[in-house]
file input-v1.txt (compact mmCIF, C-alpha atoms)
# COMPACT_ATOMS: atom_id res chain seq x y z
CA MET A 168 -43.39 -0.93 -26.18
CA SER A 169 -42.45 -3.04 -23.18
CA PRO A 170 -42.56 -1.83 -19.57
CA GLY A 171 -39.25 -0.29 -18.66
CA SER A 172 -38.28 0.38 -22.27
CA VAL A 173 -36.73 3.72 -23.13
CA ASP A 174 -39.92 4.71 -24.98
CA ALA A 175 -42.12 3.86 -22.00
CA LEU A 176 -39.91 5.88 -19.66
CA ALA A 177 -40.02 8.87 -21.98
CA LEU A 178 -43.82 9.06 -21.64
CA VAL A 179 -43.70 9.92 -17.95
CA GLU A 180 -44.68 13.47 -17.06
CA PRO A 181 -41.73 15.83 -16.57
CA GLY A 182 -40.62 16.03 -12.94
CA ARG A 183 -41.82 12.52 -12.17
CA LEU A 184 -39.68 9.48 -11.62
CA ALA A 185 -39.23 7.72 -14.95
CA GLU A 186 -39.60 4.26 -13.41
CA THR A 187 -43.23 4.94 -12.43
CA ALA A 188 -43.97 4.07 -16.07
CA ASN A 189 -43.29 0.44 -15.08
CA VAL A 190 -46.09 0.46 -12.47
CA PRO A 191 -48.88 2.56 -14.04
CA TRP A 192 -51.58 0.87 -11.93
CA ARG A 193 -50.16 2.14 -8.63
CA GLN A 194 -51.44 5.27 -6.88
CA ARG A 195 -48.86 7.86 -5.92
CA PRO A 196 -48.75 7.96 -2.13
CA ASP A 197 -49.09 11.10 -0.06
CA ALA A 198 -48.99 11.71 3.69
CA ARG A 199 -52.67 10.85 4.04
CA SER A 200 -52.54 7.59 2.09
CA LEU A 201 -49.43 6.55 4.02
CA ARG A 202 -51.24 7.16 7.31
CA ARG A 203 -54.10 5.01 5.99
CA ARG A 204 -51.72 2.21 5.01
CA GLY A 205 -50.06 2.46 8.39
CA ARG A 206 -53.40 2.06 10.15
CA ARG A 207 -54.15 -0.98 7.99
CA TRP A 208 -50.84 -2.55 9.01
CA THR A 209 -51.65 -1.92 12.67
CA ALA A 210 -55.14 -3.38 12.26
CA TRP A 211 -53.68 -6.44 10.55
CA THR A 212 -51.13 -6.91 13.35
CA VAL A 213 -53.89 -6.71 15.96
CA ALA A 214 -56.06 -9.10 13.94
CA ILE A 215 -53.41 -11.79 13.75
CA SER A 216 -52.22 -11.45 17.36
CA THR A 217 -55.50 -11.12 19.20
CA PRO A 218 -56.80 -14.68 18.54
CA PHE A 219 -53.65 -16.13 20.11
CA PHE A 220 -54.07 -14.00 23.23
CA ALA A 221 -57.79 -14.84 23.35
CA VAL A 222 -57.07 -18.57 23.09
CA ALA A 223 -54.44 -18.26 25.84
CA GLY A 224 -56.92 -16.53 28.15
CA LEU A 225 -59.69 -18.97 27.36
CA LEU A 226 -57.53 -22.02 28.02
CA VAL A 227 -56.41 -20.77 31.42
CA ALA A 228 -59.99 -19.85 32.27
CA LEU A 229 -61.22 -23.33 31.36
CA GLU A 230 -58.36 -25.26 32.88
CA PRO A 231 -55.50 -23.53 34.77
CA MET A 232 -53.28 -26.56 34.13
CA LEU A 233 -53.30 -25.61 30.45
CA PHE A 234 -51.15 -22.57 31.18
CA ILE A 235 -48.24 -24.15 29.29
CA VAL A 236 -50.33 -24.26 26.14
CA SER A 237 -51.38 -20.68 26.89
CA ILE A 238 -47.75 -19.61 26.99
CA TRP A 239 -47.23 -21.29 23.62
CA SER A 240 -50.21 -19.36 22.26
CA ILE A 241 -49.00 -16.04 23.69
CA ALA A 242 -45.57 -16.68 22.18
CA HIS A 243 -47.22 -16.96 18.77
CA GLY A 244 -49.20 -13.76 19.35
CA VAL A 245 -45.98 -11.91 20.13
CA GLY A 246 -43.74 -13.75 17.70
CA ILE A 247 -45.68 -13.38 14.46
CA PRO A 248 -45.70 -9.54 14.48
CA ALA A 249 -42.01 -9.70 15.46
CA LEU A 250 -41.34 -11.79 12.35
CA TYR A 251 -43.04 -9.15 10.20
CA ALA A 252 -40.88 -6.45 11.79
CA ARG A 253 -37.77 -8.55 11.24
CA ARG A 254 -38.64 -9.00 7.58
CA GLY A 255 -39.10 -5.23 7.30
CA ALA A 256 -35.76 -4.51 8.94
CA ARG A 257 -34.03 -7.04 6.69
CA SER A 258 -35.41 -5.42 3.54
CA VAL A 259 -32.87 -2.64 4.11
CA VAL A 260 -29.23 -3.63 3.55
CA PRO A 261 -26.75 -1.23 5.16
CA LEU A 262 -23.50 -0.40 3.41
CA GLY A 263 -20.75 -2.61 4.78
CA GLY A 264 -23.17 -4.72 6.80
CA ALA A 265 -23.39 -8.49 7.01
CA ARG A 266 -25.40 -8.71 3.77
CA SER A 267 -23.63 -5.89 1.93
CA SER A 268 -22.29 -6.37 -1.57
CA ALA A 269 -19.28 -4.18 -0.68
CA GLY A 270 -16.09 -5.95 -1.67
CA THR A 271 -17.51 -7.54 -4.80
CA ALA A 272 -16.76 -4.51 -7.02
CA GLU A 273 -13.52 -3.76 -8.86
CA PRO A 274 -10.58 -2.66 -6.66
CA GLY A 275 -10.80 1.06 -5.91
CA ALA A 276 -14.37 1.31 -7.22
CA GLU A 277 -15.90 1.29 -3.77
CA ARG A 278 -13.75 4.20 -2.64
CA MET A 279 -14.58 6.18 -5.75
CA ALA A 280 -18.31 5.46 -5.33
CA LEU A 281 -18.18 6.53 -1.69
CA GLY A 282 -16.44 9.73 -2.74
CA LEU A 283 -19.22 10.57 -5.17
CA LEU A 284 -21.88 9.76 -2.59
CA GLY A 285 -20.06 12.12 -0.21
CA ASP A 286 -20.21 14.85 -2.86
CA LEU A 287 -23.97 14.39 -3.23
CA VAL A 288 -24.72 14.79 0.49
CA GLY A 289 -23.59 17.01 3.35
CA HIS A 290 -21.02 16.24 6.06
CA GLU A 291 -23.64 15.06 8.55
CA ALA A 292 -25.17 12.52 6.16
CA ARG A 293 -21.73 11.36 4.98
CA ASP A 294 -20.55 10.74 8.54
CA LEU A 295 -23.74 8.85 9.32
CA VAL A 296 -23.43 6.58 6.29
CA VAL A 297 -19.82 5.76 7.15
CA ARG A 298 -20.75 4.97 10.77
CA THR A 299 -24.05 3.15 10.26
CA GLY A 300 -24.21 2.11 6.59
CA LEU A 301 -27.45 4.06 6.09
CA LEU A 302 -27.91 7.42 4.42
CA MET A 303 -30.38 9.89 5.93
CA GLU A 304 -32.34 12.17 3.62
CA ARG A 305 -35.16 14.48 4.68
CA GLY A 306 -38.22 14.47 2.44
CA GLU A 307 -41.78 15.77 2.36
CA LEU A 308 -43.23 12.45 3.51
CA GLY A 309 -40.78 12.01 6.38
CA VAL A 310 -37.14 11.19 6.97
CA TRP A 311 -35.68 8.49 4.75
CA LEU A 312 -32.91 6.04 5.49
CA LEU A 313 -31.40 4.47 2.40
CA GLY A 314 -29.34 1.33 2.24
CA GLU A 315 -27.65 -0.21 -0.76
CA ARG A 316 -30.95 -2.04 -1.10
CA GLY A 317 -34.17 -0.98 0.56
CA ALA A 318 -35.29 2.14 2.37
CA MET A 319 -37.00 3.17 5.59
CA LEU A 320 -39.32 6.11 5.99
CA VAL A 321 -39.56 7.50 9.52
CA ARG A 322 -42.65 9.62 10.02
CA SER A 323 -45.36 10.59 12.53
CA ARG A 324 -42.79 12.44 14.65
CA GLY A 325 -40.53 9.41 14.70
CA ARG A 326 -43.10 7.01 16.08
CA ARG A 327 -43.74 5.02 12.89
CA THR A 328 -41.32 3.52 10.39
CA ASP A 329 -42.23 2.08 7.00
CA CYS A 330 -39.84 -0.36 5.37
CA TRP A 331 -39.63 -0.39 1.58
CA CYS A 332 -38.17 -2.97 -0.71
CA VAL A 333 -36.40 -1.16 -3.54
CA ARG A 334 -33.28 -1.97 -5.52
CA ILE A 335 -31.36 -1.19 -8.68
CA GLY A 336 -32.89 -3.09 -11.58
CA ASP A 337 -29.53 -4.35 -12.83
CA ALA A 338 -27.03 -3.82 -10.04
CA ALA A 339 -24.49 -6.33 -11.34
CA GLU A 340 -20.94 -5.28 -10.43
CA LEU A 341 -22.06 -1.88 -9.10
CA PRO A 342 -20.15 -0.79 -6.00
CA ALA A 343 -22.32 -0.76 -2.88
CA ALA A 344 -22.06 3.03 -2.39
CA ASP A 345 -23.17 3.57 -6.00
CA ARG A 346 -26.32 1.61 -5.21
CA ILE A 347 -27.12 4.11 -2.45
CA SER A 348 -26.40 6.97 -4.88
CA HIS A 349 -28.90 5.47 -7.33
CA LEU A 350 -31.61 5.35 -4.68
CA LEU A 351 -30.73 8.84 -3.42
CA LEU A 352 -30.98 10.37 -6.90
CA ALA A 353 -34.29 8.64 -7.58
CA LEU A 354 -35.65 9.81 -4.22
CA ARG A 355 -34.56 13.39 -4.87
CA GLU A 356 -36.01 13.34 -8.38
CA ASP A 357 -39.50 12.42 -7.18
CA GLU A 358 -40.16 11.31 -3.60
CA ALA A 359 -43.75 10.16 -4.16
CA GLY A 360 -42.65 8.38 -7.35
CA PHE A 361 -39.93 6.62 -5.38
CA ALA A 362 -42.53 5.41 -2.88
CA THR A 363 -44.75 4.33 -5.79
CA VAL A 364 -42.07 2.14 -7.34
CA ALA A 365 -40.90 0.67 -4.01
CA ASN A 366 -42.87 -2.08 -2.29
CA MET A 367 -43.89 -1.48 1.32
CA ASP A 368 -42.77 -4.46 3.37
CA PHE A 369 -43.71 -3.31 6.83
CA SER A 370 -45.21 -0.39 8.67
CA GLY A 371 -45.17 -0.19 12.43
CA ALA A 372 -43.71 1.26 15.57
CA SER A 373 -40.15 2.48 15.12
CA TRP A 374 -38.98 0.67 18.26
CA ARG A 375 -40.07 -2.64 16.72
CA ILE A 376 -37.83 -2.06 13.71
CA GLY A 377 -34.94 -0.71 15.77
CA ARG A 378 -34.66 -3.90 17.79
CA ARG A 379 -34.29 -5.96 14.63
CA MET A 380 -31.76 -3.82 12.81
CA GLU A 381 -28.05 -4.52 12.77
CA LYS A 382 -26.60 -2.96 15.94
CA ARG A 383 -24.26 -0.70 13.95
CA SER A 384 -27.22 0.78 11.99
CA ARG A 385 -29.45 1.59 14.97
CA PRO A 386 -27.98 5.09 15.51
CA ALA A 387 -29.20 5.96 11.99
CA LEU A 388 -32.78 5.15 13.01
CA ALA A 389 -32.32 7.17 16.20
CA ALA A 390 -31.05 10.12 14.14
CA ALA A 391 -33.96 9.82 11.70
CA ARG A 392 -36.47 9.69 14.57
CA GLU A 393 -34.87 12.77 16.07
CA ALA A 394 -35.02 14.56 12.70
CA SER A 395 -38.64 13.53 12.28
CA ARG A 396 -39.54 14.84 15.74
CA ALA A 397 -37.77 18.12 14.97
CA GLY A 398 -39.89 18.38 11.78
CA MET B 58 -16.85 23.13 -15.73
CA SER B 59 -19.92 20.89 -16.12
CA ARG B 60 -19.57 17.13 -15.98
CA LEU B 61 -21.53 14.20 -17.38
CA ILE B 62 -20.83 10.98 -15.46
CA ARG B 63 -22.15 7.43 -15.51
CA LEU B 64 -22.46 5.32 -12.35
CA ASP B 65 -20.86 2.00 -13.23
CA ARG B 66 -18.68 -0.81 -11.93
CA THR B 67 -15.64 1.46 -11.63
CA GLY B 68 -17.50 3.77 -9.25
CA HIS B 69 -18.21 6.28 -11.97
CA THR B 70 -16.86 7.21 -15.37
CA THR B 71 -16.65 10.78 -16.64
CA LEU B 72 -18.21 10.72 -20.11
CA ALA B 73 -17.79 14.38 -21.00
CA GLU B 74 -17.00 17.80 -19.67
CA TRP B 75 -18.11 21.12 -21.06
CA SER B 76 -18.66 24.75 -20.19
CA ALA B 77 -21.31 27.21 -21.28
CA ALA B 78 -18.75 28.95 -23.49
CA ASP B 79 -17.53 25.72 -25.12
CA LEU B 80 -20.32 24.75 -27.49
CA GLU B 81 -18.23 22.10 -29.24
CA GLY B 82 -17.63 20.40 -25.89
CA TYR B 83 -21.31 20.66 -25.16
CA ASP B 84 -22.20 19.00 -28.47
CA ARG B 85 -19.85 16.10 -27.68
CA ALA B 86 -21.42 15.80 -24.22
CA ALA B 87 -24.92 15.91 -25.72
CA ALA B 88 -24.01 13.07 -28.09
CA ALA B 89 -22.68 10.98 -25.18
CA PHE B 90 -25.82 11.84 -23.23
CA ALA B 91 -28.06 10.63 -26.09
CA ARG B 92 -26.11 7.34 -26.39
CA GLU B 93 -26.55 6.63 -22.69
CA ARG B 94 -30.27 7.40 -22.84
CA ASP B 95 -30.65 5.08 -25.82
CA GLU B 96 -29.19 2.33 -23.66
CA GLY B 97 -31.91 2.88 -21.05
CA MET B 98 -29.96 5.03 -18.60
CA ILE B 99 -31.78 7.79 -16.74
CA ALA B 100 -30.26 11.25 -16.51
CA SER B 101 -30.33 13.14 -13.26
CA ALA B 102 -29.16 16.75 -13.07
CA THR B 103 -28.01 17.39 -9.53
CA GLY B 104 -27.94 20.78 -7.88
CA ALA B 105 -25.59 22.07 -5.21
CA ASP B 106 -28.63 22.54 -2.95
CA GLY B 107 -29.19 18.76 -2.72
CA THR B 108 -31.84 18.52 -5.41
CA ALA B 109 -32.00 16.24 -8.42
CA GLU B 110 -34.13 16.45 -11.51
CA VAL B 111 -34.74 13.99 -14.33
CA VAL B 112 -33.64 15.56 -17.60
CA ARG B 113 -34.27 14.41 -21.16
CA GLU B 114 -31.89 16.90 -22.76
CA LEU B 115 -28.47 17.81 -21.47
CA PRO B 116 -28.77 21.12 -19.61
CA LEU B 117 -26.06 23.54 -20.69
CA GLU B 118 -25.78 25.13 -17.25
CA ALA B 119 -25.89 22.02 -15.04
CA ASP B 120 -22.88 21.39 -12.80
CA LEU B 121 -23.25 17.64 -12.72
CA VAL B 122 -25.44 15.27 -14.70
CA VAL B 123 -25.45 11.67 -13.51
CA MET B 124 -26.51 8.75 -15.72
CA ARG B 125 -28.04 6.07 -13.53
CA ARG B 126 -29.76 2.74 -13.99
CA GLN B 127 -33.42 2.13 -13.33
CA ILE B 128 -34.66 1.30 -9.85
CA ALA B 129 -37.41 -1.24 -9.14
CA GLY B 130 -39.44 -2.57 -6.25
CA GLY B 131 -37.78 -5.57 -4.64

call {"tool": "encode", "arguments": {"input": "input-v1.txt", "output": "structure tokens"}}
result
Amino acid sequence: MSPGSVDALALVEPGRLAETANVPWRQRPDARSLRRRGRRWTAWTVAISTPFFAVAGLLVALEPMLFIVSIWSIAHGVGIPALYARRGARSVVPLGGARSSAGTAEPGAERMALGLLGDLVGHEARDLVVRTGLLMERGELGVWLLGERGAMLVRSRGRRTDCWCVRIGDAAELPAADRISHLLLALREDEAGFATVANMDFSGASWRIGRRMEKRSRPALAAAREASRAG
Amino acid sequence: MSRLIRLDRTGHTTLAEWSAADLEGYDRAAAAFARERDEGMIASATGADGTAEVVRELPLEADLVVMRRQIAGG
């Protein structure tokens, strides 16, 4: 019985996401474990940035003429966490964005897929996905934003955003909107299972992510932060 | 009328339709459902209230059952 086989999927407890059978070693996350992971990300960010700031300070203290080297060091301290945030933001591909697969499907398929996605969500979410390329879905762990690949989870009253790498196993020829429908259904089936299968790529301040998202998609993050604040 | 659909390259394909009173239609839908599951598709019964539930047998009363592919971490 290979991972991902029909037999393996059938062994998963009822009510749980079938795909968790492919990652049996992973713990199902809850609000507490996500907070813990978030703190670890913050600690890691501080740990990699602080030495650069310390070196910058030390160099200026030893020899003020070395301030140019200090600036170089500070730039690294600021730039490396920014690269992590950029990678997180890029793990989510908005529908119709620069990296979207929209347009590669059969003629008419995209429209049909978007119609079905519209049927699965309310007016508000449908309008948002058309405008920003991201679908907003409220969950127990926070407010999710789904792209045709990847997801964001906005939590802690909108202050923190986790970026998750998640995709359709075999998405070949699937219209872009159908890819969002896949992720939406999986998320609705079992939110914690969804977060178990997905790989967390980044966790940090929402403003960090917002600055690195495609401009068109930023209102979706703002809406998710607002929804998270409202509870 | 209940519908069984598969998300595919056309957007989606309706595999079967049935109603609670039409047991023959339901049997045809259940056979299509079993074929899709044998091919590794996952069945999701969606509710009008925005919920979805993995199902291993075709629910007679469901409005919409969607056959989807597996998701994976990227």

call {"tool": "closest_residue", "arguments": {"input": "input-v1.txt", "among": "A:Phe369, A:Trp311, A:Trp374, A:Trp331", "to": "chain B", "atoms": "only C-alpha atoms"}}
result
A:Trp331

call {"tool": "atom_distance", "arguments": {"input": "input-v1.txt", "atom1": "CA of Arg326 (chain A)", "atom2": "CA of Ser395 (chain A)"}}
result
8.8 Å

call {"tool": "closest_atom_pairs", "arguments": {"input": "input-v1.txt", "of": "chain A", "to": "chain B", "cutoff": "7 Å", "atoms": "only C-alpha atoms", "output": "tab-separated table"}}
result
residue	atom	partner	partner_atom	distance
A:Ser172	CA	B:Gly97	CA	7.0
A:Val173	CA	B:Gly97	CA	5.3
A:Gly182	CA	B:Val111	CA	6.4
A:Glu186	CA	B:Gln127	CA	6.5
A:Ala272	CA	B:Arg66	CA	6.4
A:Glu273	CA	B:Thr67	CA	6.3
A:Ala276	CA	B:Gly68	CA	4.5
A:Glu277	CA	B:Gly68	CA	6.2
A:Met279	CA	B:Gly68	CA	5.2
A:Ala280	CA	B:Gly68	CA	4.3
A:Leu287	CA	B:Gly107	CA	6.8
A:Val288	CA	B:Gly107	CA	6.8
A:Cys332	CA	B:Gly131	CA	4.7
A:Val333	CA	B:Gly130	CA	4.3
A:Arg334	CA	B:Ala129	CA	5.5
A:Ile335	CA	B:Ile128	CA	4.3
A:Gly336	CA	B:Ile128	CA	5.0
A:Glu340	CA	B:Arg66	CA	5.2
A:Leu341	CA	B:Arg66	CA	4.5
A:Pro342	CA	B:Arg66	CA	6.1
A:Asp345	CA	B:Gly68	CA	6.5
A:His349	CA	B:Arg125	CA	6.3
A:Leu352	CA	B:Ala109	CA	6.1
A:Arg355	CA	B:Ala109	CA	5.2
A:Glu356	CA	B:Glu110	CA	4.8
A:Val364	CA	B:Gly130	CA	5.5
A:Ala365	CA	B:Gly130	CA	4.2
A:Asn366	CA	B:Gly130	CA	5.3

call {"tool": "atom_distance", "arguments": {"input": "input-v1.txt", "atom1": "CA of Gly255 (chain A)", "atom2": "CA of Asp368 (chain A)"}}
result
5.4 Å

call {"tool": "residues_around", "arguments": {"input": "input-v1.txt", "residues": "Ser59 (chain B)", "least_positions_apart": "2", "cutoff": "10 Å", "atoms": "all atoms listed in the file", "output": "VMD selection string"}}
result
chain B and resid 61 to 62 73 to 77 83 86 116 to 122

call {"tool": "atom_distance", "arguments": {"input": "input-v1.txt", "atom1": "CA of Glu291 (chain A)", "atom2": "CA of Ala252 (chain A)"}}
result
27.8 Å

call {"tool": "residues_near_point", "arguments": {"input": "input-v1.txt", "point": "(-54.5, -10.0, 23.3)", "cutoff": "12 Å", "atoms": "only C-alpha atoms", "output": "PDB file with C-alpha atoms, in the coordinates of the input"}}
result
ATOM      1  CA  THR A 212     -51.130  -6.910  13.350  1.00  0.00           C
ATOM      2  CA  VAL A 213     -53.890  -6.710  15.960  1.00  0.00           C
ATOM      3  CA  ALA A 214     -56.060  -9.100  13.940  1.00  0.00           C
ATOM      4  CA  ILE A 215     -53.410 -11.790  13.750  1.00  0.00           C
ATOM      5  CA  SER A 216     -52.220 -11.450  17.360  1.00  0.00           C
ATOM      6  CA  THR A 217     -55.500 -11.120  19.200  1.00  0.00           C
ATOM      7  CA  PRO A 218     -56.800 -14.680  18.540  1.00  0.00           C
ATOM      8  CA  PHE A 219     -53.650 -16.130  20.110  1.00  0.00           C
ATOM      9  CA  PHE A 220     -54.070 -14.000  23.230  1.00  0.00           C
ATOM     10  CA  ALA A 221     -57.790 -14.840  23.350  1.00  0.00           C
ATOM     11  CA  VAL A 222     -57.070 -18.570  23.090  1.00  0.00           C
ATOM     12  CA  ALA A 223     -54.440 -18.260  25.840  1.00  0.00           C
ATOM     13  CA  GLY A 224     -56.920 -16.530  28.150  1.00  0.00           C
ATOM     14  CA  LEU A 225     -59.690 -18.970  27.360  1.00  0.00           C
ATOM     15  CA  SER A 237     -51.380 -20.680  26.890  1.00  0.00           C
ATOM     16  CA  SER A 240     -50.210 -19.360  22.260  1.00  0.00           C
ATOM     17  CA  ILE A 241     -49.000 -16.040  23.690  1.00  0.00           C
ATOM     18  CA  ALA A 242     -45.570 -16.680  22.180  1.00  0.00           C
ATOM     19  CA  HIS A 243     -47.220 -16.960  18.770  1.00  0.00           C
ATOM     20  CA  GLY A 244     -49.200 -13.760  19.350  1.00  0.00           C
ATOM     21  CA  VAL A 245     -45.980 -11.910  20.130  1.00  0.00           C
TER      22      VAL A 245
END

call {"tool": "closest_residue", "arguments": {"input": "input-v1.txt", "among": "A:Thr363, A:Ser258, A:Thr299, A:Ser200", "to": "Ala188 (chain A)", "atoms": "all atoms listed in the file"}}
result
A:Thr363

call {"tool": "closest_residue", "arguments": {"input": "input-v1.txt", "among": "A:Arg375, A:Pro181, A:Ala387, A:Trp211", "to": "Asp294 (chain A)", "atoms": "all atoms listed in the file"}}
result
A:Ala387

call {"tool": "closest_residue", "arguments": {"input": "input-v1.txt", "among": "A:Gly246, A:Gly264, A:Gly205, A:Gly306", "to": "Asp357 (chain A)", "atoms": "all atoms listed in the file"}}
result
A:Gly306

call {"tool": "residues_near_point", "arguments": {"input": "input-v1.txt", "point": "(-23.0, 11.1, 6.1)", "cutoff": "12 Å", "atoms": "all atoms listed in the file", "output": "ChimeraX atom specification"}}
result
/A:262,281-304,312-313,344,347,387,390
